[in-house]
file upload_39.txt (compact mmCIF, N, CA and C atoms)
# COMPACT_ATOMS: atom_id res chain seq x y z
N MET A 984 -41.54 -23.61 -20.60
CA MET A 984 -40.31 -24.36 -20.40
C MET A 984 -39.09 -23.43 -20.47
N GLN A 985 -39.11 -22.51 -21.43
CA GLN A 985 -38.00 -21.59 -21.62
C GLN A 985 -37.84 -20.67 -20.40
N LYS A 986 -38.95 -20.23 -19.81
CA LYS A 986 -38.89 -19.33 -18.65
C LYS A 986 -38.32 -20.05 -17.43
N GLN A 987 -38.65 -21.32 -17.25
CA GLN A 987 -38.11 -22.06 -16.11
C GLN A 987 -36.60 -22.25 -16.23
N ARG A 988 -36.13 -22.49 -17.44
CA ARG A 988 -34.70 -22.66 -17.65
C ARG A 988 -33.96 -21.36 -17.32
N TRP A 989 -34.53 -20.23 -17.73
CA TRP A 989 -33.93 -18.92 -17.45
C TRP A 989 -33.86 -18.68 -15.95
N LYS A 990 -34.90 -19.04 -15.22
CA LYS A 990 -34.91 -18.85 -13.76
C LYS A 990 -33.80 -19.67 -13.10
N TRP A 991 -33.60 -20.91 -13.54
CA TRP A 991 -32.55 -21.74 -12.95
C TRP A 991 -31.17 -21.16 -13.23
N TRP A 992 -30.96 -20.63 -14.44
CA TRP A 992 -29.68 -19.99 -14.78
C TRP A 992 -29.47 -18.75 -13.92
N ALA A 993 -30.51 -17.96 -13.69
CA ALA A 993 -30.41 -16.75 -12.88
C ALA A 993 -30.09 -17.12 -11.42
N ILE A 994 -30.76 -18.13 -10.90
CA ILE A 994 -30.51 -18.56 -9.52
C ILE A 994 -29.08 -19.10 -9.39
N GLY A 995 -28.65 -19.91 -10.36
CA GLY A 995 -27.29 -20.45 -10.33
C GLY A 995 -26.25 -19.34 -10.40
N GLY A 996 -26.48 -18.35 -11.25
CA GLY A 996 -25.55 -17.22 -11.36
C GLY A 996 -25.48 -16.42 -10.08
N LEU A 997 -26.62 -16.20 -9.45
CA LEU A 997 -26.66 -15.47 -8.19
C LEU A 997 -25.92 -16.22 -7.08
N VAL A 998 -26.08 -17.52 -7.03
CA VAL A 998 -25.38 -18.34 -6.02
C VAL A 998 -23.86 -18.24 -6.24
N LEU A 999 -23.41 -18.35 -7.50
CA LEU A 999 -21.98 -18.24 -7.79
C LEU A 999 -21.44 -16.85 -7.42
N LEU A 1000 -22.21 -15.82 -7.73
CA LEU A 1000 -21.80 -14.47 -7.39
C LEU A 1000 -21.67 -14.29 -5.87
N LEU A 1001 -22.61 -14.82 -5.11
CA LEU A 1001 -22.55 -14.73 -3.65
C LEU A 1001 -21.36 -15.52 -3.10
N LEU A 1002 -21.08 -16.68 -3.66
CA LEU A 1002 -19.93 -17.46 -3.21
C LEU A 1002 -18.62 -16.71 -3.48
N TYR A 1003 -18.50 -16.13 -4.65
CA TYR A 1003 -17.30 -15.36 -4.99
C TYR A 1003 -17.15 -14.15 -4.07
N ALA A 1004 -18.24 -13.43 -3.82
CA ALA A 1004 -18.19 -12.26 -2.94
C ALA A 1004 -17.77 -12.66 -1.53
N GLY A 1005 -18.30 -13.77 -1.04
CA GLY A 1005 -17.91 -14.24 0.29
C GLY A 1005 -16.44 -14.62 0.35
N TYR A 1006 -15.96 -15.27 -0.69
CA TYR A 1006 -14.54 -15.64 -0.75
C TYR A 1006 -13.66 -14.40 -0.80
N ALA A 1007 -14.06 -13.42 -1.60
CA ALA A 1007 -13.29 -12.18 -1.73
C ALA A 1007 -13.23 -11.42 -0.42
N LEU A 1008 -14.30 -11.41 0.33
CA LEU A 1008 -14.34 -10.67 1.59
C LEU A 1008 -13.56 -11.35 2.71
N PHE A 1009 -13.57 -12.66 2.73
CA PHE A 1009 -13.01 -13.36 3.88
C PHE A 1009 -11.69 -14.05 3.63
N SER A 1010 -11.13 -13.92 2.45
CA SER A 1010 -9.79 -14.47 2.22
C SER A 1010 -8.85 -13.33 1.92
N GLY A 1011 -7.61 -13.47 2.31
CA GLY A 1011 -6.62 -12.42 2.07
C GLY A 1011 -6.02 -12.49 0.68
N ASP A 1012 -6.44 -13.47 -0.13
CA ASP A 1012 -5.85 -13.65 -1.45
C ASP A 1012 -6.35 -12.62 -2.45
N ILE A 1013 -7.58 -12.19 -2.35
CA ILE A 1013 -8.15 -11.30 -3.35
C ILE A 1013 -8.15 -9.85 -2.86
N VAL A 1014 -8.59 -9.63 -1.65
CA VAL A 1014 -8.70 -8.28 -1.10
C VAL A 1014 -7.62 -8.10 -0.04
N GLN A 1015 -6.73 -7.12 -0.25
CA GLN A 1015 -5.71 -6.86 0.75
C GLN A 1015 -6.22 -5.76 1.68
N PRO A 1016 -6.17 -6.00 2.99
CA PRO A 1016 -6.65 -4.98 3.92
C PRO A 1016 -5.64 -3.84 4.07
N TYR A 1017 -6.12 -2.65 4.44
CA TYR A 1017 -5.25 -1.54 4.79
C TYR A 1017 -4.84 -1.71 6.24
N VAL A 1018 -3.53 -1.70 6.49
CA VAL A 1018 -3.01 -1.84 7.84
C VAL A 1018 -1.82 -0.90 8.00
N GLY A 1019 -1.30 -0.80 9.21
CA GLY A 1019 -0.06 -0.07 9.46
C GLY A 1019 1.11 -1.04 9.42
N PHE A 1020 2.33 -0.50 9.58
CA PHE A 1020 3.51 -1.36 9.54
C PHE A 1020 3.51 -2.37 10.69
N ASP A 1021 3.01 -1.97 11.87
CA ASP A 1021 2.97 -2.91 12.99
C ASP A 1021 2.09 -4.13 12.68
N GLU A 1022 0.90 -3.88 12.09
CA GLU A 1022 0.01 -4.98 11.74
C GLU A 1022 0.60 -5.81 10.61
N ALA A 1023 1.24 -5.14 9.64
CA ALA A 1023 1.85 -5.86 8.50
C ALA A 1023 2.92 -6.82 8.98
N GLN A 1024 3.65 -6.43 10.02
CA GLN A 1024 4.71 -7.28 10.57
C GLN A 1024 4.13 -8.57 11.14
N LYS A 1025 2.93 -8.52 11.67
CA LYS A 1025 2.30 -9.68 12.29
C LYS A 1025 1.57 -10.58 11.29
N MET A 1026 1.28 -10.05 10.09
CA MET A 1026 0.50 -10.80 9.11
C MET A 1026 1.41 -11.52 8.12
N SER A 1027 0.92 -12.62 7.57
CA SER A 1027 1.74 -13.38 6.63
C SER A 1027 1.40 -13.10 5.17
N GLY A 1028 0.21 -12.58 4.90
CA GLY A 1028 -0.20 -12.37 3.51
C GLY A 1028 0.12 -10.97 3.01
N THR A 1029 -0.41 -10.68 1.83
CA THR A 1029 -0.23 -9.39 1.20
C THR A 1029 -1.17 -8.37 1.82
N VAL A 1030 -0.64 -7.18 2.12
CA VAL A 1030 -1.44 -6.11 2.72
C VAL A 1030 -1.15 -4.79 2.02
N ARG A 1031 -1.99 -3.80 2.29
CA ARG A 1031 -1.80 -2.44 1.78
C ARG A 1031 -1.48 -1.53 2.96
N VAL A 1032 -0.50 -0.66 2.77
CA VAL A 1032 -0.14 0.31 3.80
C VAL A 1032 -0.12 1.70 3.15
N ALA A 1033 -0.90 2.62 3.69
CA ALA A 1033 -0.86 4.02 3.24
C ALA A 1033 0.31 4.68 3.95
N VAL A 1034 1.21 5.31 3.17
CA VAL A 1034 2.44 5.85 3.75
C VAL A 1034 2.72 7.26 3.26
N PHE A 1035 3.45 8.00 4.09
CA PHE A 1035 4.05 9.28 3.72
C PHE A 1035 5.49 8.97 3.33
N VAL A 1036 5.87 9.35 2.13
CA VAL A 1036 7.17 8.99 1.56
C VAL A 1036 8.21 10.04 1.90
N ASP A 1037 9.38 9.62 2.36
CA ASP A 1037 10.52 10.51 2.57
C ASP A 1037 11.42 10.39 1.34
N HIS A 1038 11.24 11.30 0.40
CA HIS A 1038 11.97 11.23 -0.87
C HIS A 1038 13.48 11.43 -0.70
N SER A 1039 13.89 12.09 0.37
CA SER A 1039 15.33 12.34 0.57
C SER A 1039 16.09 11.07 0.92
N THR A 1040 15.39 9.99 1.29
CA THR A 1040 16.06 8.74 1.67
C THR A 1040 16.06 7.72 0.53
N ARG A 1041 15.58 8.09 -0.63
CA ARG A 1041 15.46 7.14 -1.75
C ARG A 1041 16.83 6.70 -2.25
N THR A 1042 17.04 5.40 -2.31
CA THR A 1042 18.27 4.81 -2.83
C THR A 1042 17.89 3.61 -3.70
N TYR A 1043 18.91 3.07 -4.39
CA TYR A 1043 18.70 1.88 -5.23
C TYR A 1043 19.68 0.80 -4.80
N ASP A 1044 19.18 -0.41 -4.60
CA ASP A 1044 20.02 -1.54 -4.24
C ASP A 1044 20.91 -1.89 -5.42
N LYS A 1045 22.22 -1.96 -5.19
CA LYS A 1045 23.17 -2.20 -6.29
C LYS A 1045 23.05 -3.59 -6.90
N GLU A 1046 22.67 -4.58 -6.10
CA GLU A 1046 22.57 -5.95 -6.61
C GLU A 1046 21.28 -6.18 -7.39
N THR A 1047 20.16 -5.74 -6.83
CA THR A 1047 18.86 -6.05 -7.45
C THR A 1047 18.28 -4.91 -8.26
N GLY A 1048 18.71 -3.68 -7.98
CA GLY A 1048 18.14 -2.51 -8.65
C GLY A 1048 16.84 -2.04 -8.02
N ALA A 1049 16.47 -2.63 -6.89
CA ALA A 1049 15.22 -2.25 -6.21
C ALA A 1049 15.35 -0.86 -5.59
N MET A 1050 14.30 -0.05 -5.75
CA MET A 1050 14.28 1.26 -5.11
C MET A 1050 13.89 1.07 -3.65
N GLU A 1051 14.60 1.77 -2.75
CA GLU A 1051 14.31 1.72 -1.32
C GLU A 1051 14.14 3.13 -0.80
N PHE A 1052 13.24 3.30 0.14
CA PHE A 1052 13.03 4.60 0.77
C PHE A 1052 12.40 4.40 2.14
N MET A 1053 12.52 5.40 2.98
CA MET A 1053 11.88 5.38 4.29
C MET A 1053 10.49 5.97 4.15
N ALA A 1054 9.56 5.42 4.92
CA ALA A 1054 8.18 5.89 4.87
C ALA A 1054 7.57 5.80 6.27
N ARG A 1055 6.58 6.66 6.49
CA ARG A 1055 5.84 6.67 7.76
C ARG A 1055 4.39 6.33 7.47
N ASP A 1056 3.85 5.35 8.19
CA ASP A 1056 2.45 5.01 7.98
C ASP A 1056 1.55 6.03 8.67
N THR A 1057 0.26 5.89 8.51
CA THR A 1057 -0.68 6.86 9.06
C THR A 1057 -0.76 6.81 10.59
N LYS A 1058 -0.15 5.80 11.20
CA LYS A 1058 -0.12 5.70 12.66
C LYS A 1058 1.19 6.20 13.24
N GLY A 1059 2.12 6.64 12.37
CA GLY A 1059 3.38 7.22 12.83
C GLY A 1059 4.58 6.29 12.82
N LYS A 1060 4.39 5.02 12.52
CA LYS A 1060 5.51 4.06 12.50
C LYS A 1060 6.33 4.25 11.22
N VAL A 1061 7.66 4.31 11.39
CA VAL A 1061 8.58 4.51 10.27
C VAL A 1061 9.22 3.18 9.90
N CYS A 1062 9.34 2.92 8.59
CA CYS A 1062 9.87 1.65 8.11
C CYS A 1062 10.53 1.86 6.74
N LYS A 1063 11.52 1.01 6.44
CA LYS A 1063 12.12 1.02 5.11
C LYS A 1063 11.19 0.25 4.17
N VAL A 1064 10.96 0.82 2.98
CA VAL A 1064 10.16 0.16 1.95
C VAL A 1064 11.08 -0.17 0.79
N ARG A 1065 11.02 -1.42 0.32
CA ARG A 1065 11.79 -1.86 -0.84
C ARG A 1065 10.79 -2.20 -1.94
N LEU A 1066 10.88 -1.49 -3.07
CA LEU A 1066 9.95 -1.70 -4.17
C LEU A 1066 10.51 -2.76 -5.11
N ASN A 1067 9.68 -3.69 -5.51
CA ASN A 1067 10.06 -4.76 -6.43
C ASN A 1067 10.80 -4.15 -7.63
N PRO A 1068 12.00 -4.66 -7.97
CA PRO A 1068 12.78 -4.06 -9.04
C PRO A 1068 12.12 -4.12 -10.41
N SER A 1069 11.19 -5.05 -10.63
CA SER A 1069 10.51 -5.13 -11.92
C SER A 1069 9.35 -4.15 -12.03
N PHE A 1070 9.01 -3.48 -10.92
CA PHE A 1070 7.91 -2.51 -10.93
C PHE A 1070 8.49 -1.11 -11.11
N ILE A 1071 8.00 -0.38 -12.09
CA ILE A 1071 8.46 0.99 -12.33
C ILE A 1071 7.55 1.93 -11.56
N PRO A 1072 8.11 2.83 -10.73
CA PRO A 1072 7.27 3.75 -9.95
C PRO A 1072 6.39 4.59 -10.88
N PRO A 1073 5.18 4.88 -10.45
CA PRO A 1073 4.27 5.69 -11.27
C PRO A 1073 4.82 7.09 -11.53
N ALA A 1074 4.41 7.68 -12.64
CA ALA A 1074 4.80 9.06 -12.94
C ALA A 1074 4.29 9.98 -11.84
N GLY A 1075 5.09 10.92 -11.44
CA GLY A 1075 4.71 11.84 -10.37
C GLY A 1075 5.12 11.38 -8.99
N PHE A 1076 5.80 10.24 -8.90
CA PHE A 1076 6.20 9.71 -7.59
C PHE A 1076 7.04 10.72 -6.82
N GLU A 1077 7.92 11.45 -7.51
CA GLU A 1077 8.83 12.39 -6.85
C GLU A 1077 8.09 13.55 -6.20
N GLN A 1078 6.89 13.87 -6.67
CA GLN A 1078 6.14 15.01 -6.14
C GLN A 1078 5.08 14.64 -5.11
N THR A 1079 4.75 13.38 -5.02
CA THR A 1079 3.64 13.02 -4.14
C THR A 1079 4.08 12.83 -2.69
N PRO A 1080 3.32 13.34 -1.75
CA PRO A 1080 3.67 13.14 -0.34
C PRO A 1080 3.19 11.78 0.19
N MET A 1081 2.19 11.18 -0.47
CA MET A 1081 1.59 9.97 0.08
C MET A 1081 1.37 8.93 -1.01
N ALA A 1082 1.56 7.67 -0.63
CA ALA A 1082 1.37 6.56 -1.56
C ALA A 1082 0.77 5.38 -0.79
N VAL A 1083 0.33 4.39 -1.54
CA VAL A 1083 -0.13 3.12 -0.98
C VAL A 1083 0.81 2.05 -1.50
N VAL A 1084 1.46 1.33 -0.60
CA VAL A 1084 2.35 0.24 -0.98
C VAL A 1084 1.65 -1.08 -0.67
N ILE A 1085 1.78 -2.02 -1.61
CA ILE A 1085 1.12 -3.32 -1.47
C ILE A 1085 2.20 -4.39 -1.48
N GLY A 1086 2.24 -5.17 -0.41
CA GLY A 1086 3.26 -6.20 -0.30
C GLY A 1086 3.21 -6.88 1.05
N ARG A 1087 4.40 -7.23 1.56
CA ARG A 1087 4.47 -7.93 2.85
C ARG A 1087 5.70 -7.47 3.62
N TYR A 1088 5.66 -7.66 4.92
CA TYR A 1088 6.75 -7.27 5.82
C TYR A 1088 7.67 -8.46 6.02
N ARG A 1089 8.97 -8.28 5.71
CA ARG A 1089 9.95 -9.37 5.91
C ARG A 1089 11.27 -8.80 6.40
N ASN A 1090 11.81 -9.38 7.44
CA ASN A 1090 13.14 -9.05 7.95
C ASN A 1090 13.36 -7.56 8.16
N GLY A 1091 12.39 -6.88 8.75
CA GLY A 1091 12.53 -5.47 9.07
C GLY A 1091 12.30 -4.52 7.92
N VAL A 1092 11.88 -5.03 6.76
CA VAL A 1092 11.66 -4.20 5.57
C VAL A 1092 10.29 -4.55 4.99
N PHE A 1093 9.55 -3.52 4.55
CA PHE A 1093 8.30 -3.78 3.85
C PHE A 1093 8.64 -3.96 2.38
N GLU A 1094 8.43 -5.16 1.85
CA GLU A 1094 8.74 -5.47 0.46
C GLU A 1094 7.49 -5.27 -0.37
N ALA A 1095 7.47 -4.18 -1.15
CA ALA A 1095 6.29 -3.82 -1.92
C ALA A 1095 6.37 -4.37 -3.34
N ASP A 1096 5.32 -5.06 -3.74
CA ASP A 1096 5.22 -5.55 -5.10
C ASP A 1096 4.68 -4.47 -6.03
N ARG A 1097 3.80 -3.64 -5.48
CA ARG A 1097 3.16 -2.57 -6.24
C ARG A 1097 3.03 -1.32 -5.38
N MET A 1098 2.77 -0.21 -6.06
CA MET A 1098 2.60 1.06 -5.35
C MET A 1098 1.63 1.93 -6.15
N PHE A 1099 0.71 2.57 -5.44
CA PHE A 1099 -0.21 3.52 -6.04
C PHE A 1099 0.01 4.86 -5.37
N LEU A 1100 -0.19 5.94 -6.10
CA LEU A 1100 0.01 7.28 -5.54
C LEU A 1100 -1.32 7.85 -5.08
N LYS A 1101 -1.25 8.62 -4.02
CA LYS A 1101 -2.39 9.39 -3.57
C LYS A 1101 -2.27 10.77 -4.21
N CYS A 1102 -3.37 11.36 -4.59
CA CYS A 1102 -3.36 12.66 -5.25
C CYS A 1102 -2.87 13.73 -4.28
N PRO A 1103 -1.76 14.46 -4.62
CA PRO A 1103 -1.22 15.46 -3.70
C PRO A 1103 -2.19 16.59 -3.40
N SER A 1104 -3.02 16.97 -4.38
CA SER A 1104 -3.94 18.08 -4.16
C SER A 1104 -4.99 17.74 -3.11
N LYS A 1105 -5.21 16.46 -2.88
CA LYS A 1105 -6.18 16.04 -1.86
C LYS A 1105 -5.73 16.46 -0.46
N TYR A 1106 -4.42 16.61 -0.25
CA TYR A 1106 -3.89 16.89 1.08
C TYR A 1106 -3.43 18.33 1.25
N GLU A 1107 -3.43 19.12 0.18
CA GLU A 1107 -2.98 20.51 0.29
C GLU A 1107 -3.95 21.32 1.13
N GLY A 1108 -3.41 22.09 2.03
CA GLY A 1108 -4.23 22.98 2.85
C GLY A 1108 -4.87 22.32 4.05
N GLN A 1109 -4.66 21.04 4.26
CA GLN A 1109 -5.24 20.37 5.41
C GLN A 1109 -4.30 20.48 6.60
N VAL A 1110 -4.86 20.80 7.74
CA VAL A 1110 -4.08 20.93 8.96
C VAL A 1110 -3.62 19.55 9.40
N GLY A 1111 -2.34 19.44 9.76
CA GLY A 1111 -1.80 18.19 10.28
C GLY A 1111 -1.21 17.28 9.22
N ILE A 1112 -1.39 17.58 7.94
CA ILE A 1112 -0.81 16.77 6.89
C ILE A 1112 0.47 17.43 6.42
N ARG A 1113 1.60 16.74 6.62
CA ARG A 1113 2.91 17.27 6.22
C ARG A 1113 3.63 16.21 5.43
N GLN A 1114 4.47 16.63 4.54
CA GLN A 1114 5.28 15.67 3.79
C GLN A 1114 6.45 15.25 4.67
N VAL A 1115 6.70 13.95 4.71
CA VAL A 1115 7.82 13.46 5.49
C VAL A 1115 9.09 14.05 4.91
N GLY A 1116 9.95 14.54 5.76
CA GLY A 1116 11.21 15.11 5.33
C GLY A 1116 11.13 16.60 5.05
N SER A 1117 9.95 17.19 5.12
CA SER A 1117 9.85 18.62 4.89
C SER A 1117 10.37 19.36 6.11
N ARG A 1118 10.65 20.64 5.96
CA ARG A 1118 11.20 21.42 7.08
C ARG A 1118 10.27 21.45 8.28
N SER A 1119 8.95 21.38 8.02
CA SER A 1119 8.00 21.42 9.13
C SER A 1119 7.83 20.07 9.81
N ASP A 1120 8.55 19.07 9.36
CA ASP A 1120 8.40 17.74 9.91
C ASP A 1120 9.69 17.26 10.56
N ARG A 1121 10.20 18.04 11.50
CA ARG A 1121 11.46 17.72 12.15
C ARG A 1121 11.41 16.40 12.92
N SER A 1122 10.28 16.11 13.58
CA SER A 1122 10.23 14.91 14.43
C SER A 1122 10.33 13.64 13.58
N ALA A 1123 9.73 13.62 12.38
CA ALA A 1123 9.82 12.42 11.54
C ALA A 1123 11.25 12.20 11.10
N GLY A 1124 11.98 13.27 10.81
CA GLY A 1124 13.37 13.15 10.41
C GLY A 1124 14.23 12.60 11.54
N GLU A 1125 13.93 13.01 12.75
CA GLU A 1125 14.67 12.49 13.89
C GLU A 1125 14.36 11.02 14.11
N GLN A 1126 13.08 10.61 13.88
CA GLN A 1126 12.72 9.21 14.04
C GLN A 1126 13.43 8.34 13.01
N MET A 1127 13.67 8.90 11.82
CA MET A 1127 14.30 8.14 10.76
C MET A 1127 15.82 8.13 10.88
N GLY A 1128 16.35 8.75 11.92
CA GLY A 1128 17.76 8.67 12.19
C GLY A 1128 18.61 9.67 11.42
N ARG A 1129 18.02 10.79 10.99
CA ARG A 1129 18.81 11.79 10.30
C ARG A 1129 19.37 12.80 11.24
call {"tool": "encode", "arguments": {"input": "upload_39.txt", "output": "structure tokens"}}
result
Amino acid sequence: MQKQRWKWWAIGGLVLLLLYAGYALFSGDIVQPYVGFDEAQKMSGTVRVAVFVDHSTRTYDKETGAMEFMARDTKGKVCKVRLNPSFIPPAGFEQTPMAVVIGRYRNGVFEADRMFLKCPSKYEGQVGIRQVGSRSDRSAGEQMGR
């Protein structure tokens, strides 16, 4: 009798786990997909965008205190990113060339609720990877209107 009860609990647990996994995979509420700024503009939910940060454009909104900066996604699209004022940027933000911003696109600005940093050493020495705003990245600076 005890073994049959255990089997039913195991089957019930497995069914619940499969239902949760299916929900997590197919709803935008739990798992945010990685997209570019163009795709983020078309979507209504929360998304993740991997970006190259232009630290020279960093400013703070006087009314809200939100940090704003220009960033280029991995597909080359440049957009202003506004970080939620209650979120403190991670340590090392000033030195990192790349970050992941999580939020939504509204009124021409990507409004990020959170931000994670990509490890700078991961990109050192790789051909084609440049920090936005660096001297070797003249075209990105021109795209950003400098």
call {"tool": "residues_near_point", "arguments": {"input": "upload_39.txt", "point": "(7.6, -3.7, -6.0)", "cutoff": "7 Å", "atoms": "all atoms listed in the file", "output": "VMD selection string"}}
result
chain A and resid 1065 to 1071 1094 to 1098
call {"tool": "closest_residue", "arguments": {"input": "upload_39.txt", "among": "A:Val1036, A:Ala1049, A:Ala1004, A:Val1092", "to": "Asp1021 in chain A", "atoms": "only C-alpha atoms"}}
result
A:Val1092
call {"tool": "residues_around", "arguments": {"input": "upload_39.txt", "residues": "Phe1093 in chain A", "least_positions_apart": "6", "cutoff": "7 Å", "atoms": "all atoms listed in the file", "output": "list in words"}}
result
Cys1062, Lys1063, Val1064, Arg1065, Leu1066, Gly1086 and Arg1087 of chain A
call {"tool": "atom_distance", "arguments": {"input": "upload_39.txt", "atom1": "atom C of Asp1044 in chain A", "atom2": "atom C of Glu1077 in chain A"}}
result
20.1 Å
call {"tool": "atom_distance", "arguments": {"input": "upload_39.txt", "atom1": "CA of Met1053 in chain A", "atom2": "CA of Pro1016 in chain A"}}
result
21.2 Å
call {"tool": "closest_residue", "arguments": {"input": "upload_39.txt", "among": "A:Ala1054, A:Ala1074, A:Leu1000, A:Ile994", "to": "His1038 in chain A", "atoms": "only C-alpha atoms"}}
result
A:Ala1054
call {"tool": "closest_residue", "arguments": {"input": "upload_39.txt", "among": "A:Gly996, A:Gly1091, A:Gly1075, A:Gly1019", "to": "Ala1033 in chain A", "atoms": "only N, CA and C atoms"}}
result
A:Gly1019
call {"tool": "closest_residue", "arguments": {"input": "upload_39.txt", "among": "A:Arg1055, A:Gln1078, A:Tyr1088, A:Gly1048", "to": "Ser1027 in chain A", "atoms": "all atoms listed in the file"}}
result
A:Tyr1088
call {"tool": "closest_residue", "arguments": {"input": "upload_39.txt", "among": "A:Asp1037, A:Glu1051, A:Glu1022, A:Asp1056", "to": "Thr1079 in chain A", "atoms": "all atoms listed in the file"}}
result
A:Asp1037
call {"tool": "closest_residue", "arguments": {"input": "upload_39.txt", "among": "A:Ala993, A:Val1034, A:Leu1100, A:Leu1002", "to": "Val1061 in chain A", "atoms": "only C-alpha atoms"}}
result
A:Val1034
